[in-house]
>>> print(open('start.tsv').read())   # TSV, C-alpha atoms and all ligand atoms
chain	number	residue	atom	x	y	z
V	1	MET	CA	-198.03	71.40	-77.25
V	2	LYS	CA	-199.08	68.08	-78.82
V	3	LYS	CA	-202.26	69.73	-80.14
V	4	ARG	CA	-200.25	72.53	-81.67
V	5	PHE	CA	-197.93	70.03	-83.33
V	6	LEU	CA	-200.89	68.10	-84.76
V	7	ALA	CA	-202.45	71.33	-86.06
V	8	LEU	CA	-199.15	72.25	-87.70
V	9	ALA	CA	-198.83	68.77	-89.23
V	10	ALA	CA	-202.36	69.08	-90.62
V	11	VAL	CA	-201.55	72.45	-92.18
V	12	CYS	CA	-198.41	70.96	-93.72
V	13	MET	CA	-200.38	68.01	-95.10
V	14	ILE	CA	-202.97	70.29	-96.67
V	15	THR	CA	-200.24	72.52	-98.11
V	16	MET	CA	-198.46	69.49	-99.55
V	17	MET	CA	-201.69	68.16	-101.00
V	18	THR	CA	-202.68	71.44	-102.59
V	19	ALA	CA	-199.14	72.52	-103.51
V	20	CYS	CA	-198.75	70.13	-106.42
V	21	SER	CA	-202.02	68.26	-106.65
V	22	PRO	CA	-202.94	66.68	-109.98
V	23	SER	CA	-205.12	69.11	-111.86
V	24	ALA	CA	-207.57	68.73	-114.68
V	25	ARG	CA	-206.28	71.96	-116.21
V	26	VAL	CA	-202.99	70.80	-117.70
V	27	GLU	CA	-201.37	73.32	-120.02
V	28	GLN	CA	-198.65	72.84	-122.58
V	29	ALA	CA	-196.42	75.91	-122.88
V	30	GLU	CA	-193.52	76.50	-125.23
V	31	ARG	CA	-191.33	79.53	-125.64
V	32	SER	CA	-188.18	80.35	-127.58
V	33	PHE	CA	-186.09	83.41	-126.87
V	34	TYR	CA	-182.61	84.78	-127.38
V	35	ALA	CA	-180.36	85.16	-124.34
V	36	MET	CA	-176.72	84.57	-123.36
V	37	ASP	CA	-175.71	84.77	-127.01
V	38	THR	CA	-177.80	81.79	-128.05
V	39	ILE	CA	-181.31	80.57	-128.84
V	40	MET	CA	-183.09	79.10	-125.84
V	41	SER	CA	-186.31	77.14	-125.65
V	42	VAL	CA	-188.44	75.91	-122.80
V	43	SER	CA	-191.28	73.47	-123.20
V	44	ALA	CA	-193.33	72.55	-120.14
V	45	CYS	CA	-196.46	70.64	-119.32
V	46	GLY	CA	-198.52	71.11	-116.17
V	47	GLU	CA	-200.84	73.42	-114.34
V	48	ASN	CA	-199.90	77.08	-114.95
V	49	ALA	CA	-197.20	76.06	-117.42
V	50	GLU	CA	-197.58	79.35	-119.34
V	51	GLN	CA	-196.96	81.41	-116.26
V	52	ALA	CA	-194.06	79.21	-115.12
V	53	VAL	CA	-192.33	79.44	-118.49
V	54	GLY	CA	-192.76	83.22	-118.35
V	55	GLN	CA	-191.01	83.25	-114.97
V	56	VAL	CA	-188.16	81.18	-116.42
V	57	THR	CA	-187.54	83.58	-119.30
V	58	ARG	CA	-187.54	86.58	-116.95
V	59	ARG	CA	-185.12	84.87	-114.55
V	60	ILE	CA	-182.72	83.91	-117.36
V	61	THR	CA	-182.79	87.47	-118.69
V	62	GLU	CA	-182.01	88.67	-115.16
V	63	LEU	CA	-179.06	86.25	-114.84
V	64	GLU	CA	-177.76	87.32	-118.24
V	65	SER	CA	-177.79	90.93	-117.12
V	66	LEU	CA	-175.60	89.94	-114.15
V	67	TRP	CA	-173.17	87.61	-115.92
V	68	SER	CA	-172.70	89.00	-119.42
V	69	VAL	CA	-169.04	89.80	-120.04
V	70	THR	CA	-169.87	92.34	-122.76
V	71	ASP	CA	-172.92	94.15	-121.33
V	72	GLU	CA	-171.63	97.39	-119.80
V	73	LYS	CA	-174.32	97.20	-117.13
V	74	SER	CA	-173.51	93.67	-115.91
V	75	GLU	CA	-171.84	92.83	-112.60
V	76	ILE	CA	-169.07	90.89	-114.34
V	77	TYR	CA	-168.38	93.83	-116.67
V	78	ALA	CA	-168.15	96.20	-113.69
V	79	LEU	CA	-165.90	93.80	-111.79
V	80	ASN	CA	-163.59	93.40	-114.79
V	81	ARG	CA	-163.25	97.20	-115.02
V	82	SER	CA	-162.81	97.95	-111.32
V	83	GLY	CA	-160.81	94.87	-110.30
V	84	SER	CA	-162.81	94.33	-107.12
V	85	GLY	CA	-166.27	94.77	-105.73
V	86	GLU	CA	-169.30	93.32	-104.06
V	87	VAL	CA	-171.58	91.27	-106.27
V	88	SER	CA	-175.01	89.64	-105.89
V	89	SER	CA	-175.26	86.24	-104.22
V	90	ASP	CA	-176.13	84.69	-107.63
V	91	THR	CA	-172.85	85.93	-109.07
V	92	ALA	CA	-170.75	85.21	-105.97
V	93	GLU	CA	-172.04	81.65	-105.85
V	94	LEU	CA	-171.35	80.98	-109.52
V	95	VAL	CA	-167.84	82.46	-109.28
V	96	SER	CA	-167.01	80.24	-106.26
V	97	PHE	CA	-168.42	77.22	-108.06
V	98	ALA	CA	-166.35	77.96	-111.19
V	99	LEU	CA	-163.21	78.42	-109.06
V	100	ASP	CA	-163.87	75.12	-107.30
V	101	ILE	CA	-164.21	73.22	-110.59
V	102	SER	CA	-161.11	75.02	-111.91
V	103	ASP	CA	-159.26	73.63	-108.92
V	104	ARG	CA	-160.71	70.13	-109.24
V	105	SER	CA	-159.91	70.03	-112.96
V	106	GLY	CA	-156.30	71.07	-112.40
V	107	GLY	CA	-156.89	74.41	-114.11
V	108	ALA	CA	-158.43	72.99	-117.31
V	109	LEU	CA	-161.39	75.22	-116.55
V	110	ASP	CA	-160.22	78.73	-115.85
V	111	PRO	CA	-162.76	81.59	-115.72
V	112	THR	CA	-159.89	84.11	-116.02
V	113	ILE	CA	-159.12	83.02	-119.61
V	114	TYR	CA	-160.97	86.06	-121.03
V	115	PRO	CA	-157.98	88.23	-122.08
V	116	VAL	CA	-156.62	85.31	-124.13
V	117	LEU	CA	-160.02	84.61	-125.63
V	118	THR	CA	-160.25	88.27	-126.66
V	119	ALA	CA	-156.79	88.13	-128.28
V	120	TRP	CA	-158.08	85.31	-130.51
V	121	GLY	CA	-161.04	87.56	-131.39
V	122	PHE	CA	-163.73	85.23	-130.09
V	123	THR	CA	-165.40	88.04	-128.23
V	124	THR	CA	-165.08	90.73	-130.89
V	125	GLY	CA	-166.08	88.62	-133.89
V	126	THR	CA	-162.85	89.55	-135.70
V	127	ASN	CA	-160.71	86.47	-135.35
V	128	ARG	CA	-156.92	86.55	-135.55
V	129	VAL	CA	-153.97	84.38	-134.56
V	130	PRO	CA	-152.01	86.10	-131.77
V	131	SER	CA	-148.24	85.73	-131.61
V	132	ALA	CA	-146.64	83.39	-129.06
V	133	ASP	CA	-145.16	86.45	-127.28
V	134	GLU	CA	-148.55	88.12	-127.03
V	135	LEU	CA	-150.05	84.95	-125.59
V	136	SER	CA	-147.34	84.44	-122.99
V	137	GLU	CA	-147.77	88.06	-121.91
V	138	LEU	CA	-151.55	87.62	-121.58
V	139	LEU	CA	-151.19	84.31	-119.73
V	140	LYS	CA	-149.56	86.24	-116.87
V	141	VAL	CA	-153.04	87.43	-115.87
V	142	VAL	CA	-154.72	84.05	-116.37
V	143	ASP	CA	-154.82	82.19	-113.07
V	144	TYR	CA	-157.99	81.20	-111.23
V	145	ARG	CA	-155.89	80.76	-108.04
V	146	ALA	CA	-155.25	84.49	-107.95
V	147	VAL	CA	-158.96	85.33	-107.67
V	148	GLU	CA	-159.82	86.09	-104.06
V	149	THR	CA	-163.27	86.04	-102.55
V	150	ASP	CA	-164.53	87.26	-99.22
V	151	GLY	CA	-168.22	86.56	-98.96
V	152	ARG	CA	-169.80	88.43	-101.85
V	153	THR	CA	-166.71	90.57	-102.50
V	154	ILE	CA	-164.39	89.48	-105.30
V	155	TYR	CA	-160.82	90.69	-105.85
V	156	LEU	CA	-159.02	90.28	-109.16
V	157	LYS	CA	-155.33	90.72	-109.84
V	158	GLU	CA	-154.38	93.71	-112.01
V	159	GLY	CA	-155.38	93.14	-115.65
V	160	MET	CA	-157.34	90.02	-114.80
V	161	MET	CA	-160.83	89.47	-116.22
V	162	LEU	CA	-163.55	86.99	-115.38
V	163	ASP	CA	-165.72	85.21	-117.95
V	164	LEU	CA	-168.48	82.86	-116.81
V	165	GLY	CA	-169.24	81.79	-120.39
V	166	ALA	CA	-168.33	78.17	-119.68
V	167	VAL	CA	-170.77	77.78	-116.76
V	168	ALA	CA	-173.51	80.44	-117.12
V	169	LYS	CA	-175.92	78.51	-119.35
V	170	GLY	CA	-175.71	75.42	-117.15
V	171	ALA	CA	-176.39	77.50	-114.05
V	172	ALA	CA	-179.32	79.15	-115.84
V	173	SER	CA	-180.72	75.71	-116.67
V	174	ASP	CA	-180.66	74.78	-112.96
V	175	GLU	CA	-182.62	77.92	-112.20
V	176	ALA	CA	-185.10	77.13	-114.98
V	177	ALA	CA	-185.68	73.61	-113.58
V	178	ARG	CA	-186.02	74.94	-110.03
V	179	ILE	CA	-188.67	77.47	-111.08
V	180	LEU	CA	-190.62	74.90	-113.10
V	181	ARG	CA	-190.59	72.35	-110.25
V	182	LYS	CA	-191.68	75.04	-107.79
V	183	ASN	CA	-194.61	75.66	-110.12
V	184	CYS	CA	-195.53	71.95	-109.98
V	185	ILE	CA	-194.35	71.24	-113.53
V	186	GLY	CA	-193.60	67.54	-113.70
V	187	SER	CA	-192.56	67.35	-117.34
V	188	ALA	CA	-190.34	69.86	-119.14
V	189	LEU	CA	-187.53	70.13	-121.62
V	190	ILE	CA	-185.17	73.09	-121.37
V	191	ASN	CA	-182.71	73.71	-124.17
V	192	LEU	CA	-180.38	76.64	-123.60
V	193	GLY	CA	-178.37	76.69	-126.82
V	194	GLY	CA	-177.66	72.96	-126.63
V	195	ASN	CA	-177.38	72.86	-122.82
V	196	ILE	CA	-180.15	70.40	-122.06
V	197	MET	CA	-182.04	70.12	-118.79
V	198	THR	CA	-184.97	67.77	-118.27
V	199	VAL	CA	-187.66	67.93	-115.61
V	200	GLY	CA	-189.21	64.50	-115.19
V	201	GLY	CA	-189.79	62.55	-118.38
V	202	LYS	CA	-192.19	63.10	-121.24
V	203	GLU	CA	-195.89	63.30	-120.48
V	204	ASP	CA	-196.31	59.59	-121.22
V	205	GLY	CA	-193.67	58.80	-118.60
V	206	SER	CA	-190.90	57.82	-121.00
V	207	GLY	CA	-187.56	59.66	-120.94
V	208	TRP	CA	-186.71	62.65	-123.11
V	209	ARG	CA	-184.78	61.59	-126.21
V	210	ILE	CA	-181.86	63.94	-126.80
V	211	GLY	CA	-179.73	63.73	-129.93
V	212	VAL	CA	-175.95	63.81	-129.48
V	213	LYS	CA	-174.62	65.88	-132.36
V	214	ASP	CA	-172.16	64.56	-134.89
V	215	PRO	CA	-169.25	67.00	-134.37
V	216	LEU	CA	-168.22	66.56	-138.02
V	217	GLY	CA	-171.60	66.61	-139.71
V	218	GLU	CA	-175.18	67.77	-139.60
V	219	GLY	CA	-176.93	64.84	-137.92
V	220	ASN	CA	-176.63	62.99	-134.65
V	221	VAL	CA	-174.35	60.11	-133.71
V	222	GLY	CA	-176.82	58.73	-131.19
V	223	VAL	CA	-179.54	59.42	-128.69
V	224	LEU	CA	-179.51	59.89	-124.92
V	225	THR	CA	-182.68	59.11	-122.95
V	226	LEU	CA	-182.94	61.36	-119.91
V	227	LYS	CA	-185.24	61.95	-116.94
V	228	ASP	CA	-184.48	64.66	-114.37
V	229	LEU	CA	-180.98	64.97	-115.78
V	230	ALA	CA	-178.97	67.60	-117.61
V	231	ALA	CA	-176.67	66.93	-120.57
V	232	VAL	CA	-174.19	69.48	-121.86
V	233	THR	CA	-171.80	69.15	-124.79
V	234	SER	CA	-168.67	71.14	-125.51
V	235	GLY	CA	-166.81	71.01	-128.78
V	236	CYS	CA	-164.92	73.26	-131.10
V	237	TYR	CA	-167.41	72.71	-133.90
V	238	GLU	CA	-169.72	75.17	-132.13
V	239	ARG	CA	-167.59	78.31	-132.61
V	240	TYR	CA	-164.37	78.36	-134.58
V	241	PHE	CA	-162.54	80.11	-137.38
V	242	THR	CA	-160.21	78.98	-140.15
V	243	ALA	CA	-156.92	80.86	-140.43
V	244	GLU	CA	-155.26	81.77	-143.76
V	245	ASP	CA	-153.08	78.65	-143.61
V	246	GLY	CA	-156.17	76.45	-143.22
V	247	THR	CA	-155.76	75.75	-139.50
V	248	VAL	CA	-159.04	75.59	-137.63
V	249	TYR	CA	-159.10	77.30	-134.22
V	250	GLY	CA	-161.95	76.66	-131.78
V	251	HIS	CA	-163.32	78.80	-128.94
V	252	ILE	CA	-162.22	76.57	-126.06
V	253	ILE	CA	-158.76	77.57	-124.90
V	254	ASP	CA	-156.21	75.46	-123.08
V	255	PRO	CA	-155.22	77.78	-120.20
V	256	GLU	CA	-151.84	76.05	-120.05
V	257	SER	CA	-150.77	77.16	-123.54
V	258	GLY	CA	-153.19	79.95	-124.46
V	259	TYR	CA	-153.98	78.09	-127.71
V	260	PRO	CA	-157.36	76.64	-128.68
V	261	VAL	CA	-157.66	73.02	-127.61
V	262	ASP	CA	-156.21	70.56	-130.09
V	263	ASN	CA	-156.31	67.06	-128.67
V	264	GLU	CA	-157.93	63.77	-129.67
V	265	LEU	CA	-161.44	64.92	-128.73
V	266	LEU	CA	-164.12	66.22	-131.08
V	267	SER	CA	-166.69	66.72	-128.34
V	268	SER	CA	-167.37	66.00	-124.69
V	269	THR	CA	-170.81	65.50	-123.17
V	270	ILE	CA	-171.45	65.43	-119.43
V	271	ILE	CA	-174.61	64.03	-117.85
V	272	SER	CA	-175.64	64.77	-114.26
V	273	PRO	CA	-178.58	66.21	-112.32
V	274	SER	CA	-176.73	69.54	-112.04
V	275	GLY	CA	-176.72	71.74	-115.14
V	276	ARG	CA	-173.85	73.90	-113.94
V	277	LEU	CA	-171.72	70.85	-113.17
V	278	CYS	CA	-172.41	69.50	-116.66
V	279	ASP	CA	-171.51	72.84	-118.23
V	280	ALA	CA	-168.32	73.34	-116.21
V	281	LEU	CA	-167.10	69.79	-116.70
V	282	SER	CA	-167.94	69.55	-120.40
V	283	THR	CA	-165.62	72.51	-121.02
V	284	ALA	CA	-162.96	71.21	-118.58
V	285	VAL	CA	-163.03	67.68	-119.96
V	286	PHE	CA	-162.71	68.98	-123.52
V	287	VAL	CA	-159.50	70.73	-122.45
V	288	MET	CA	-158.23	67.74	-120.46
V	289	GLY	CA	-158.55	65.14	-123.20
V	290	ALA	CA	-159.75	61.55	-122.81
V	291	GLU	CA	-157.07	60.17	-120.51
V	292	ARG	CA	-157.14	62.94	-117.92
V	293	ALA	CA	-160.94	63.03	-118.14
V	294	GLU	CA	-161.13	59.33	-117.37
V	295	LYS	CA	-158.92	59.84	-114.29
V	296	LEU	CA	-161.09	62.74	-113.17
V	297	TRP	CA	-164.24	60.62	-113.52
V	298	ARG	CA	-162.71	57.79	-111.48
V	299	SER	CA	-161.62	60.16	-108.73
V	300	TRP	CA	-165.12	61.61	-108.26
V	301	SER	CA	-167.74	59.86	-106.18
V	302	ALA	CA	-169.94	57.36	-108.01
V	303	GLU	CA	-172.96	58.89	-109.70
V	304	SER	CA	-171.66	62.46	-109.51
V	305	PHE	CA	-171.50	62.64	-113.29
V	306	ASP	CA	-171.27	60.54	-116.43
V	307	MET	CA	-169.59	61.38	-119.70
V	308	LEU	CA	-169.59	60.63	-123.40
V	309	LEU	CA	-166.52	61.56	-125.42
V	310	ILE	CA	-166.27	61.48	-129.22
V	311	THR	CA	-162.71	61.14	-130.50
V	312	LYS	CA	-161.08	62.02	-133.81
V	313	SER	CA	-160.29	58.31	-134.31
V	314	GLY	CA	-163.98	57.38	-134.40
V	315	GLU	CA	-164.45	56.17	-130.85
V	316	VAL	CA	-167.30	57.03	-128.52
V	317	ILE	CA	-166.03	56.61	-124.97
V	318	VAL	CA	-168.85	56.31	-122.44
V	319	THR	CA	-168.93	55.81	-118.70
V	320	GLU	CA	-171.23	53.07	-117.39
V	321	GLY	CA	-174.06	55.45	-116.49
V	322	ALA	CA	-173.89	57.12	-119.90
V	323	GLU	CA	-173.95	53.77	-121.69
V	324	GLU	CA	-177.21	52.82	-119.93
V	325	ARG	CA	-178.85	55.89	-121.40
V	326	PHE	CA	-177.19	55.99	-124.81
V	327	GLU	CA	-178.09	54.43	-128.12
V	328	LEU	CA	-175.40	54.70	-130.80
V	329	THR	CA	-176.96	55.20	-134.21
V	330	ASP	CA	-173.84	56.05	-136.23
V	331	LYS	CA	-172.54	52.57	-136.94
V	332	GLU	CA	-169.23	53.87	-138.28
V	333	LEU	CA	-168.26	54.75	-134.71
V	334	THR	CA	-167.19	52.23	-132.08
V	335	LEU	CA	-168.38	52.32	-128.50
V	336	ARG	CA	-165.93	51.85	-125.62
V	337	VAL	CA	-167.32	51.64	-122.10
V	338	ILE	CA	-165.24	52.66	-119.11
V	339	GLU	CA	-166.02	51.32	-115.65
V	340	LYS	CA	-165.17	52.56	-112.19
R	1	LIG	P1	-168.69	75.92	-123.32
R	1	LIG	O1	-169.41	76.24	-124.57
R	1	LIG	O2	-169.54	75.76	-122.11
R	1	LIG	O3	-167.73	74.78	-123.46
R	1	LIG	O4	-167.82	77.19	-122.92
R	1	LIG	C1	-166.97	77.78	-123.85
R	1	LIG	C2	-166.84	79.24	-123.51
R	1	LIG	O5	-166.16	79.37	-122.25
R	1	LIG	C3	-166.01	79.98	-124.51
R	1	LIG	O6	-166.80	80.56	-125.50
R	1	LIG	C4	-165.30	81.01	-123.64
R	1	LIG	O7	-166.16	82.09	-123.37
R	1	LIG	C5	-165.07	80.28	-122.36
R	1	LIG	N1	-163.82	79.47	-122.29
R	1	LIG	C6	-163.01	79.02	-123.29
R	1	LIG	N2	-162.03	78.24	-122.79
R	1	LIG	C7	-162.22	78.19	-121.45
R	1	LIG	C8	-161.54	77.55	-120.37
R	1	LIG	N3	-160.48	76.78	-120.57
R	1	LIG	N4	-162.05	77.74	-119.13
R	1	LIG	C9	-163.13	78.51	-118.90
R	1	LIG	N5	-163.81	79.12	-119.86
R	1	LIG	C10	-163.37	78.97	-121.12
R	2	MG	MG	-169.34	74.64	-120.43
>>> encode(input="start.tsv", output="structure tokens")
Amino acid sequence: MKKRFLALAAVCMITMMTACSPSARVEQAERSFYAMDTIMSVSACGENAEQAVGQVTRRITELESLWSVTDEKSEIYALNRSGSGEVSSDTAELVSFALDISDRSGGALDPTIYPVLTAWGFTTGTNRVPSADELSELLKVVDYRAVETDGRTIYLKEGMMLDLGAVAKGAASDEAARILRKNCIGSALINLGGNIMTVGGKEDGSGWRIGVKDPLGEGNVGVLTLKDLAAVTSGCYERYFTAEDGTVYGHIIDPESGYPVDNELLSSTIISPSGRLCDALSTAVFVMGAERAEKLWRSWSAESFDMLLITKSGEVIVTEGAEERFELTDKELTLRVIEK
């Protein structure tokens, strides 16, 4: 028995040694592609980096074909048409995750917002301002609490539609990082349309330097230095339209009112090891506004996530962990640190 255990331990040791051993043949691979309605890029350094990056692009394309809300062949499209059905474990898991964050954010995140989003024309490309009556009618089918799940089977209420747009890219970035790590990549930068995921640091061991966009201009307001962390920003500057009366309407909807978010925030950035958590919370926090977001952050366990909020009054509100990693370069803004 003891002999067998020792033999097994030896096999494990050899596997561990060969699994990710330092290699002389270090490749640098970079690829950009279009998926999930945005430009994505993956840059990786390590043995077999080319092959690993190829696997990442194929996996993201596969996830897109499951989660797209507009692709007639996707699982989400089919579910939205039929109202119920069994989905893949990838989809079931992401739906449960989105519902959990919806709950924990008091409904600020709501993956059933799609009919309202469509009324504003954000899915069709022809934007319009719906009437208050139209919105209150549509809001009757917006309620994450009415989505039922039983294993991999999902049930929607009549007229209800799911949209994973607020979490899909973050979840895809987790998959990208998992695949790269499995392929022994120790240094990679994944940028899925602004959803950033880092694997290790740069080749020289320093952290990846990620610009935080100025929501009102072209440049950056500062730089985040990240290692093995994701950072995701939500803001209405990404997709919006200007109505005839000059009002600007953004693509993130407050599920409470059915109107695009209009609070004191210009953007919200979440930092954590989990890409999907960053994605879900950046959208939720943008809806919640600074005060509710601060309460949410305090109520979560330490180190679950950090945040950086840019306000219309020129403040950058950062949690302790975000401050450690952030350098403010726009001196017209003031930094305010919040502590647990
Ligand atoms: P993000 O860019 O991750 O902040 O997600 C924004 C996208 O999520 C939008 O383009 C919509 O597809 C969708 N969305 C908008 N508002 C919400 C909301 N309150 N909850 C969930 N998804 C939303
Ligand atoms: Mg999001």
>>> residues_near_ligand(input="start.tsv", ligand="ligand MG 2 (chain R)", cutoff="8 Å", atoms="only C-alpha atoms and all ligand atoms", output="count of residues only")
17
>>> atom_distance(input="start.tsv", atom1="atom CA of Ile338 of chain V", atom2="atom CA of Arg298 of chain V")
9.5 Å
>>> axis_aligned_box(input="start.tsv", around="segment 42-48 of chain V", padding_each_side="6 Å", output="lines of an AutoDock Vina configuration file")
center_x = -194.6
center_y = 73.9
center_z = -118.8
size_x = 24.4
size_y = 18.4
size_z = 20.9
>>> residues_around(input="start.tsv", residues="Pro255 of chain V", least_positions_apart="2", cutoff="8 Å", atoms="all atoms listed in the file", output="NGL selection string")
:V and (107-110 or 113 or 139 or 142 or 253 or 257-259)
>>> atom_distance(input="start.tsv", atom1="atom CA of Thr319 of chain V", atom2="atom CA of Ala176 of chain V")
27.0 Å
>>> residues_around(input="start.tsv", residues="Glu264 of chain V", least_positions_apart="2", cutoff="9 Å", atoms="only C-alpha atoms", output="list of chain:residue names")
V:Asp262, V:Leu266, V:Gly289, V:Ala290, V:Ile310, V:Thr311, V:Lys312, V:Ser313
>>> atom_distance(input="start.tsv", atom1="atom CA of Ile196 of chain V", atom2="atom CA of Thr57 of chain V")
15.4 Å
>>> residues_near_point(input="start.tsv", point="(-159.7, 86.0, -105.2)", cutoff="12 Å", atoms="all atoms listed in the file", output="NGL selection string")
:V and (79 or 83-85 or 92 or 95-96 or 99-100 or 111-112 or 143-158 or 160-162)
>>> write_last_selection(input="start.tsv", atoms="C-alpha atoms", output="mmCIF file, in the frame of the given file")
data_model
loop_
_atom_site.group_PDB
_atom_site.id
_atom_site.type_symbol
_atom_site.label_atom_id
_atom_site.label_comp_id
_atom_site.auth_asym_id
_atom_site.auth_seq_id
_atom_site.Cartn_x
_atom_site.Cartn_y
_atom_site.Cartn_z
ATOM 1 C CA LEU V 79 -165.900 93.800 -111.790
ATOM 2 C CA GLY V 83 -160.810 94.870 -110.300
ATOM 3 C CA SER V 84 -162.810 94.330 -107.120
ATOM 4 C CA GLY V 85 -166.270 94.770 -105.730
ATOM 5 C CA ALA V 92 -170.750 85.210 -105.970
ATOM 6 C CA VAL V 95 -167.840 82.460 -109.280
ATOM 7 C CA SER V 96 -167.010 80.240 -106.260
ATOM 8 C CA LEU V 99 -163.210 78.420 -109.060
ATOM 9 C CA ASP V 100 -163.870 75.120 -107.300
ATOM 10 C CA PRO V 111 -162.760 81.590 -115.720
ATOM 11 C CA THR V 112 -159.890 84.110 -116.020
ATOM 12 C CA ASP V 143 -154.820 82.190 -113.070
ATOM 13 C CA TYR V 144 -157.990 81.200 -111.230
ATOM 14 C CA ARG V 145 -155.890 80.760 -108.040
ATOM 15 C CA ALA V 146 -155.250 84.490 -107.950
ATOM 16 C CA VAL V 147 -158.960 85.330 -107.670
ATOM 17 C CA GLU V 148 -159.820 86.090 -104.060
ATOM 18 C CA THR V 149 -163.270 86.040 -102.550
ATOM 19 C CA ASP V 150 -164.530 87.260 -99.220
ATOM 20 C CA GLY V 151 -168.220 86.560 -98.960
ATOM 21 C CA ARG V 152 -169.800 88.430 -101.850
ATOM 22 C CA THR V 153 -166.710 90.570 -102.500
ATOM 23 C CA ILE V 154 -164.390 89.480 -105.300
ATOM 24 C CA TYR V 155 -160.820 90.690 -105.850
ATOM 25 C CA LEU V 156 -159.020 90.280 -109.160
ATOM 26 C CA LYS V 157 -155.330 90.720 -109.840
ATOM 27 C CA GLU V 158 -154.380 93.710 -112.010
ATOM 28 C CA MET V 160 -157.340 90.020 -114.800
ATOM 29 C CA MET V 161 -160.830 89.470 -116.220
ATOM 30 C CA LEU V 162 -163.550 86.990 -115.380
#
